[in-house]
Amino acid sequence: MKKALITTVAVAALSGCASTSSYEPTAYKTNHSRAYNIAEAGGLVTGIQDASVPRDKLERITDTKTFGAAYVLSGYISPQLGMTDWQGGLVNLANWAIGPKQHGARNSLIAWMPANEAVSPADAQGKLLSHVKVSIESALTDLGADFTLLYDQDGELTYQFYKSEWDCPTWVDGKSKFRDMCVIDVKIVEPRAGTAPDFVSGAQGAAYAFTSGHESQYNYVKVSNGAASHAPQQAIYADISKQLPAWAYIYLAPKTVKLENGDKVAFPYLLEQGKPELFVYPQA
């Protein structure tokens with residue numbers, strides 16, 4: 001695995017500025033899940049936990065064909081999957097006590113853009129923002145929702161989206177309130193130049209690292225329902241992720257993502273091109 005920083009000269013050439021801070025990839029921790037390793041490499045280091053699962057149950061838990069049913073559970077234990085007969089060291093993820101300022105408590109985006117796709121951190125920021133914009137608009141179109149881009153400035157986007165079946169209303173001047181609207185907010189900050197971890201997808205060698213460890217200057221995509229709406233946030237996030245590049249991941253914190261029936265996903269997970277990566281690993 002590549003652990004060293006690229007040289008100062010290479011960083012300067014990549015970023016266009018020798019003073020730009022650089023990114024050093026972490027080594028893969030074999031006693032943790034792939035989701036945990038990707039999250040940690042992306043700067044999400046506080047409030048993130050893994051669950052140790054019996055090896056013979058792990059494949060059934062992580063099977064994407066049955067994962068949809070697992071969203072409505074209070075944890076990873078599913079009667080439908082025959083998993084009620086074990087607890088082991090499994091964390092009850094429905095009762096995660098994550099402090100509000102911890103990384104694990106907030107939805108984030110992390111990414112490693114190959115260095116040959118941009119000429120500077122600012123250029124990389126703009127190009128990732130463009131990827132996110134296209135992904136959001138494609139996802140909402142796929143799901144049959146109309147949308148309006150309200151704000152696009154300084155690395156931030158705000159969309160309102162509308163669909164009568166979700167009770168997401170159309171804005172009416174002088175009558176509508178922002179809290180009643182269905183909204184997607186995006187923030188992308190300038191990345192650091194460095195080397196991508198060799199366990200992430202679609203990026204090897206020199207890359208721009210979009211990490212999300214800063215208290216306020218971090219990357220995110222946030223889907224918010226209106227006060228009376230029931231938009232399927234889980235499906236929206238999955239469709240957005242499906243259309244992002246392979247080197248971009250969405251982290252979703254426990255109890256922040258709603259299903260169409262209003263239930264919240266009780267556990268954290270990563271999305272990689274629409275597919276969930278869970279914070280579980282096989283027991284020794």
# chains A, B, ... in the order shown; residues from 1 in each chain; ligands from 1

$ residues_around --residues "segment 174-188 of chain A" --least-positions-apart "6" --cutoff "6 Å" --atoms "only C-alpha atoms" --output "number ranges by chain"
A: 155-161, 168, 219-227

$ residues_around --residues "Ala231 of chain A" --least-positions-apart "3" --cutoff "9 Å" --atoms "only C-alpha atoms" --output "compact mmCIF listing (two decimals) with N, CA and C atoms, in the first residue's frame"
# COMPACT_ATOMS: atom_id res chain seq x y z
N LYS A 163 -42.70 16.88 -5.90
CA LYS A 163 -43.41 15.70 -6.38
C LYS A 163 -44.66 15.54 -5.53
N GLU A 165 -46.72 13.11 -5.16
CA GLU A 165 -46.85 11.83 -4.45
C GLU A 165 -46.07 11.83 -3.13
N TRP A 166 -45.07 12.67 -3.03
CA TRP A 166 -44.30 12.76 -1.78
C TRP A 166 -44.76 13.94 -0.92
N ASP A 167 -45.77 14.64 -1.37
CA ASP A 167 -46.23 15.86 -0.70
C ASP A 167 -45.13 16.90 -0.61
N CYS A 168 -44.28 16.92 -1.63
CA CYS A 168 -43.27 17.98 -1.75
C CYS A 168 -43.88 19.09 -2.59
N CYS A 182 -39.12 20.57 0.08
CA CYS A 182 -38.15 19.49 0.00
C CYS A 182 -36.88 20.05 -0.65
N SER A 224 -33.36 17.05 2.62
CA SER A 224 -34.26 17.44 3.70
C SER A 224 -35.71 17.41 3.21
N ASN A 225 -36.56 16.76 3.98
CA ASN A 225 -37.98 16.74 3.66
C ASN A 225 -38.66 18.00 4.17
N GLY A 226 -39.73 18.39 3.51
CA GLY A 226 -40.56 19.46 4.04
C GLY A 226 -41.31 19.00 5.27
N GLN A 234 -33.74 7.77 1.47
CA GLN A 234 -32.83 6.65 1.21
C GLN A 234 -32.70 6.41 -0.29
N ALA A 235 -33.81 6.41 -1.00
CA ALA A 235 -33.78 6.17 -2.44
C ALA A 235 -33.12 7.33 -3.18
N ILE A 236 -33.35 8.55 -2.71
CA ILE A 236 -32.74 9.72 -3.36
C ILE A 236 -31.23 9.68 -3.21
N LYS A 258 -34.49 9.12 6.01
CA LYS A 258 -35.85 8.62 6.13
C LYS A 258 -36.26 7.78 4.92
N LEU A 259 -37.10 6.80 5.21
CA LEU A 259 -37.79 6.06 4.17
C LEU A 259 -39.09 6.80 3.84
N GLU A 260 -39.75 6.36 2.78
CA GLU A 260 -40.99 7.04 2.38
C GLU A 260 -42.07 6.93 3.46
N ASN A 261 -42.02 5.85 4.28
CA ASN A 261 -43.03 5.69 5.32
C ASN A 261 -42.70 6.48 6.59
N GLY A 262 -41.60 7.22 6.57
CA GLY A 262 -41.22 8.04 7.71
C GLY A 262 -40.24 7.41 8.66

$ select_by_dssp --residues "segment 134-236 of chain A" --states "alpha helix (DSSP H)" --output "PyMOL selection string"
chain A and resi 134-142+233-236

$ residues_around --residues "Tyr218 of chain A" --least-positions-apart "2" --cutoff "12 Å" --atoms "only C-alpha atoms" --output "list in words"
Gly42, Gly43, Leu44, His103, Arg106, Asn107, Ser108, Leu109, Ile110, Ala111, Gly155, Glu156, Val186, Lys187, Ile188, Val189, Glu190, Pro191, Ala209, Phe210, Thr211, Ser212, Gly213, His214, Glu215, Ser216, Tyr220 and Val221 of chain A

$ write_last_selection --atoms "C-alpha atoms" --output "short mmCIF file (atom, residue, chain, number, x, y, z; two decimals), in the first residue's frame"
data_model
loop_
_atom_site.label_atom_id
_atom_site.label_comp_id
_atom_site.auth_asym_id
_atom_site.auth_seq_id
_atom_site.Cartn_x
_atom_site.Cartn_y
_atom_site.Cartn_z
CA GLY A 42 -11.78 10.50 4.42
CA GLY A 43 -11.25 12.19 7.78
CA LEU A 44 -14.30 10.75 9.57
CA HIS A 103 -18.02 13.12 12.35
CA ARG A 106 -23.35 14.17 10.22
CA ASN A 107 -23.84 13.18 6.61
CA SER A 108 -20.70 13.77 4.57
CA LEU A 109 -19.17 13.27 1.15
CA ILE A 110 -15.59 12.06 0.71
CA ALA A 111 -13.76 11.58 -2.56
CA GLY A 155 -18.92 25.64 -3.80
CA GLU A 156 -22.49 25.39 -2.53
CA VAL A 186 -24.54 20.58 -1.19
CA LYS A 187 -21.17 21.89 -0.07
CA ILE A 188 -17.84 21.06 -1.71
CA VAL A 189 -14.61 22.55 -0.33
CA GLU A 190 -11.21 22.72 -2.00
CA PRO A 191 -9.33 19.41 -1.68
CA ALA A 209 -8.45 14.31 -1.53
CA PHE A 210 -11.86 15.68 -0.55
CA THR A 211 -11.81 14.86 3.15
CA SER A 212 -14.50 15.86 5.63
CA GLY A 213 -12.80 16.03 9.00
CA HIS A 214 -13.04 19.79 9.54
CA GLU A 215 -15.63 21.03 12.03
CA SER A 216 -17.39 23.25 9.52
CA TYR A 220 -21.77 17.01 2.10
CA VAL A 221 -24.98 16.23 0.27
#

$ atom_distance --atom1 "atom CA of His230 of chain A" --atom2 "atom CA of Ala145 of chain A"
13.0 Å

$ closest_residue --among "A:Gln49, A:Ser229, A:Gln283, A:Ser33" --to "Pro169 of chain A" --atoms "only C-alpha atoms"
A:Ser229

$ residues_around --residues "Lys255 of chain A" --least-positions-apart "4" --cutoff "9 Å" --atoms "only C-alpha atoms" --output "list in words"
Ala94, Ala105, Asp263, Lys264, Val265, Ala266, Phe267 and Pro268 of chain A

$ write_last_selection --atoms "N, CA and C atoms" --output "PDB file, in the first residue's frame"
ATOM      1  N   ALA A  94     -29.115   1.139  16.997  1.00  0.00           N
ATOM      2  CA  ALA A  94     -30.261   2.023  17.170  1.00  0.00           C
ATOM      3  C   ALA A  94     -30.031   2.993  18.318  1.00  0.00           C
ATOM      4  N   ALA A 105     -21.903  11.759  13.298  1.00  0.00           N
ATOM      5  CA  ALA A 105     -23.262  12.268  13.492  1.00  0.00           C
ATOM      6  C   ALA A 105     -23.768  13.086  12.315  1.00  0.00           C
ATOM      7  N   ASP A 263     -40.046   6.081   8.559  1.00  0.00           N
ATOM      8  CA  ASP A 263     -39.061   5.417   9.409  1.00  0.00           C
ATOM      9  C   ASP A 263     -37.660   5.918   9.077  1.00  0.00           C
ATOM     10  N   LYS A 264     -36.814   5.964  10.107  1.00  0.00           N
ATOM     11  CA  LYS A 264     -35.431   6.394   9.914  1.00  0.00           C
ATOM     12  C   LYS A 264     -34.499   5.194   9.895  1.00  0.00           C
ATOM     13  N   VAL A 265     -33.492   5.257   9.038  1.00  0.00           N
ATOM     14  CA  VAL A 265     -32.457   4.224   9.035  1.00  0.00           C
ATOM     15  C   VAL A 265     -31.658   4.379  10.323  1.00  0.00           C
ATOM     16  N   ALA A 266     -31.611   3.332  11.118  1.00  0.00           N
ATOM     17  CA  ALA A 266     -31.061   3.449  12.470  1.00  0.00           C
ATOM     18  C   ALA A 266     -29.544   3.333  12.518  1.00  0.00           C
ATOM     19  N   PHE A 267     -28.941   2.886  11.428  1.00  0.00           N
ATOM     20  CA  PHE A 267     -27.507   2.637  11.462  1.00  0.00           C
ATOM     21  C   PHE A 267     -26.777   3.431  10.388  1.00  0.00           C
ATOM     22  N   PRO A 268     -25.470   3.637  10.537  1.00  0.00           N
ATOM     23  CA  PRO A 268     -24.697   4.370   9.521  1.00  0.00           C
ATOM     24  C   PRO A 268     -24.309   3.461   8.371  1.00  0.00           C
TER      25      PRO A 268
END

$ select_by_dssp --residues "segment 60-271 of chain A" --states "strand (DSSP E)" --output "PyMOL selection string"
chain A and resi 108-114+146-153+156-162+182-187+192-195+206-210+220-224+248-252+269-271

$ write_last_selection --atoms "N, CA and C atoms" --output "short mmCIF file (atom, residue, chain, number, x, y, z; two decimals), in the first residue's frame"
data_model
loop_
_atom_site.label_atom_id
_atom_site.label_comp_id
_atom_site.auth_asym_id
_atom_site.auth_seq_id
_atom_site.Cartn_x
_atom_site.Cartn_y
_atom_site.Cartn_z
N SER A 108 -21.87 13.18 5.20
CA SER A 108 -20.70 13.77 4.57
C SER A 108 -20.45 13.13 3.20
N LEU A 109 -19.65 13.82 2.42
CA LEU A 109 -19.17 13.27 1.15
C LEU A 109 -17.65 13.26 1.21
N ILE A 110 -17.04 12.16 0.79
CA ILE A 110 -15.59 12.06 0.71
C ILE A 110 -15.23 11.52 -0.66
N ALA A 111 -14.10 11.96 -1.20
CA ALA A 111 -13.76 11.58 -2.56
C ALA A 111 -12.27 11.74 -2.80
N TRP A 112 -11.78 10.98 -3.79
CA TRP A 112 -10.38 11.09 -4.22
C TRP A 112 -10.39 11.20 -5.75
N MET A 113 -10.31 12.42 -6.24
CA MET A 113 -10.33 12.66 -7.69
C MET A 113 -8.93 12.42 -8.26
N PRO A 114 -8.80 11.56 -9.29
CA PRO A 114 -7.48 11.36 -9.91
C PRO A 114 -6.88 12.69 -10.35
N ASP A 146 -39.69 16.98 -10.13
CA ASP A 146 -39.24 18.23 -10.73
C ASP A 146 -38.34 18.96 -9.73
N PHE A 147 -37.54 19.91 -10.21
CA PHE A 147 -36.60 20.57 -9.31
C PHE A 147 -36.25 21.94 -9.83
N THR A 148 -35.75 22.77 -8.92
CA THR A 148 -35.25 24.10 -9.25
C THR A 148 -33.92 24.31 -8.53
N LEU A 149 -32.90 24.74 -9.25
CA LEU A 149 -31.63 25.09 -8.64
C LEU A 149 -31.74 26.54 -8.14
N LEU A 150 -31.77 26.69 -6.82
CA LEU A 150 -31.97 28.01 -6.23
C LEU A 150 -30.67 28.77 -6.00
N TYR A 151 -29.58 28.02 -5.73
CA TYR A 151 -28.32 28.67 -5.34
C TYR A 151 -27.16 27.87 -5.90
N ASP A 152 -26.20 28.54 -6.49
CA ASP A 152 -25.01 27.90 -7.03
C ASP A 152 -23.87 28.90 -6.96
N GLN A 153 -23.17 28.88 -5.84
CA GLN A 153 -22.10 29.86 -5.62
C GLN A 153 -21.15 29.38 -4.53
N GLU A 156 -21.26 25.84 -3.17
CA GLU A 156 -22.49 25.39 -2.53
C GLU A 156 -23.65 25.39 -3.53
N LEU A 157 -24.54 24.42 -3.36
CA LEU A 157 -25.74 24.32 -4.18
C LEU A 157 -26.95 24.15 -3.26
N THR A 158 -28.09 24.67 -3.69
CA THR A 158 -29.36 24.39 -3.03
C THR A 158 -30.41 24.13 -4.09
N TYR A 159 -31.01 22.96 -4.00
CA TYR A 159 -32.11 22.59 -4.89
C TYR A 159 -33.40 22.50 -4.09
N GLN A 160 -34.50 22.90 -4.67
CA GLN A 160 -35.82 22.50 -4.20
C GLN A 160 -36.36 21.49 -5.20
N PHE A 161 -37.00 20.44 -4.66
CA PHE A 161 -37.59 19.46 -5.58
C PHE A 161 -39.05 19.24 -5.22
N TYR A 162 -39.81 18.84 -6.23
CA TYR A 162 -41.26 18.81 -6.11
C TYR A 162 -41.80 17.49 -6.66
N CYS A 182 -39.12 20.57 0.08
CA CYS A 182 -38.15 19.49 0.00
C CYS A 182 -36.88 20.05 -0.65
N VAL A 183 -35.74 19.83 0.01
CA VAL A 183 -34.51 20.56 -0.36
C VAL A 183 -33.32 19.60 -0.38
N ILE A 184 -32.41 19.85 -1.29
CA ILE A 184 -31.09 19.19 -1.28
C ILE A 184 -30.04 20.29 -1.20
N ASP A 185 -29.21 20.21 -0.16
CA ASP A 185 -28.10 21.15 0.02
C ASP A 185 -26.77 20.43 -0.23
N VAL A 186 -25.85 21.14 -0.86
CA VAL A 186 -24.54 20.58 -1.19
C VAL A 186 -23.46 21.58 -0.81
N LYS A 187 -22.36 21.05 -0.28
CA LYS A 187 -21.17 21.89 -0.07
C LYS A 187 -19.94 21.08 -0.47
N ARG A 192 -7.20 18.64 -0.88
CA ARG A 192 -5.75 18.66 -0.72
C ARG A 192 -5.13 17.71 -1.74
N ALA A 193 -3.93 18.01 -2.17
CA ALA A 193 -3.21 17.14 -3.09
C ALA A 193 -2.45 16.08 -2.31
N GLY A 194 -2.42 14.88 -2.85
CA GLY A 194 -1.71 13.80 -2.19
C GLY A 194 -1.82 12.52 -2.98
N THR A 195 -1.82 11.40 -2.28
CA THR A 195 -1.92 10.08 -2.90
C THR A 195 -3.18 9.38 -2.41
N ALA A 206 -1.49 9.73 -7.55
CA ALA A 206 -1.75 11.12 -7.22
C ALA A 206 -3.22 11.46 -7.36
N ALA A 207 -3.75 12.19 -6.38
CA ALA A 207 -5.18 12.49 -6.37
C ALA A 207 -5.43 13.75 -5.56
N TYR A 208 -6.61 14.31 -5.77
CA TYR A 208 -7.12 15.38 -4.92
C TYR A 208 -8.04 14.75 -3.89
N ALA A 209 -7.71 14.95 -2.61
CA ALA A 209 -8.45 14.31 -1.53
C ALA A 209 -9.49 15.27 -0.96
N PHE A 210 -10.76 14.92 -1.13
CA PHE A 210 -11.86 15.68 -0.55
C PHE A 210 -12.23 15.04 0.78
N TYR A 220 -20.55 17.75 1.78
CA TYR A 220 -21.77 17.01 2.10
C TYR A 220 -22.81 17.15 1.00
N VAL A 221 -23.72 16.17 1.00
CA VAL A 221 -24.98 16.23 0.27
C VAL A 221 -26.05 15.92 1.30
N LYS A 222 -27.01 16.82 1.49
CA LYS A 222 -28.04 16.65 2.51
C LYS A 222 -29.42 16.79 1.88
N VAL A 223 -30.22 15.74 2.05
CA VAL A 223 -31.59 15.74 1.57
C VAL A 223 -32.51 16.03 2.75
N SER A 224 -33.36 17.05 2.62
CA SER A 224 -34.26 17.44 3.70
C SER A 224 -35.71 17.41 3.21
N ALA A 248 -16.03 8.58 -5.42
CA ALA A 248 -16.78 9.45 -4.51
C ALA A 248 -17.73 8.62 -3.66
N TYR A 249 -17.77 8.90 -2.36
CA TYR A 249 -18.58 8.15 -1.42
C TYR A 249 -19.44 9.10 -0.59
N ILE A 250 -20.66 8.67 -0.31
CA ILE A 250 -21.54 9.42 0.59
C ILE A 250 -21.64 8.66 1.90
N TYR A 251 -21.33 9.34 3.01
CA TYR A 251 -21.51 8.76 4.34
C TYR A 251 -22.83 9.26 4.91
N LEU A 252 -23.64 8.33 5.42
CA LEU A 252 -24.94 8.68 5.99
C LEU A 252 -24.99 8.23 7.45
N TYR A 269 -24.08 4.06 7.21
CA TYR A 269 -23.58 3.29 6.09
C TYR A 269 -22.96 4.24 5.07
N LEU A 270 -22.13 3.68 4.22
CA LEU A 270 -21.55 4.40 3.09
C LEU A 270 -22.30 3.99 1.82
N LEU A 271 -22.39 4.90 0.88
CA LEU A 271 -22.88 4.57 -0.45
C LEU A 271 -21.74 4.71 -1.44
#

$ closest_residue --among "A:Val53, A:Ala124, A:Ala41, A:Val119" --to "Ala196 of chain A" --atoms "only C-alpha atoms"
A:Ala41

$ atom_distance --atom1 "atom CA of Pro197 of chain A" --atom2 "atom CA of Ala246 of chain A"
13.5 Å
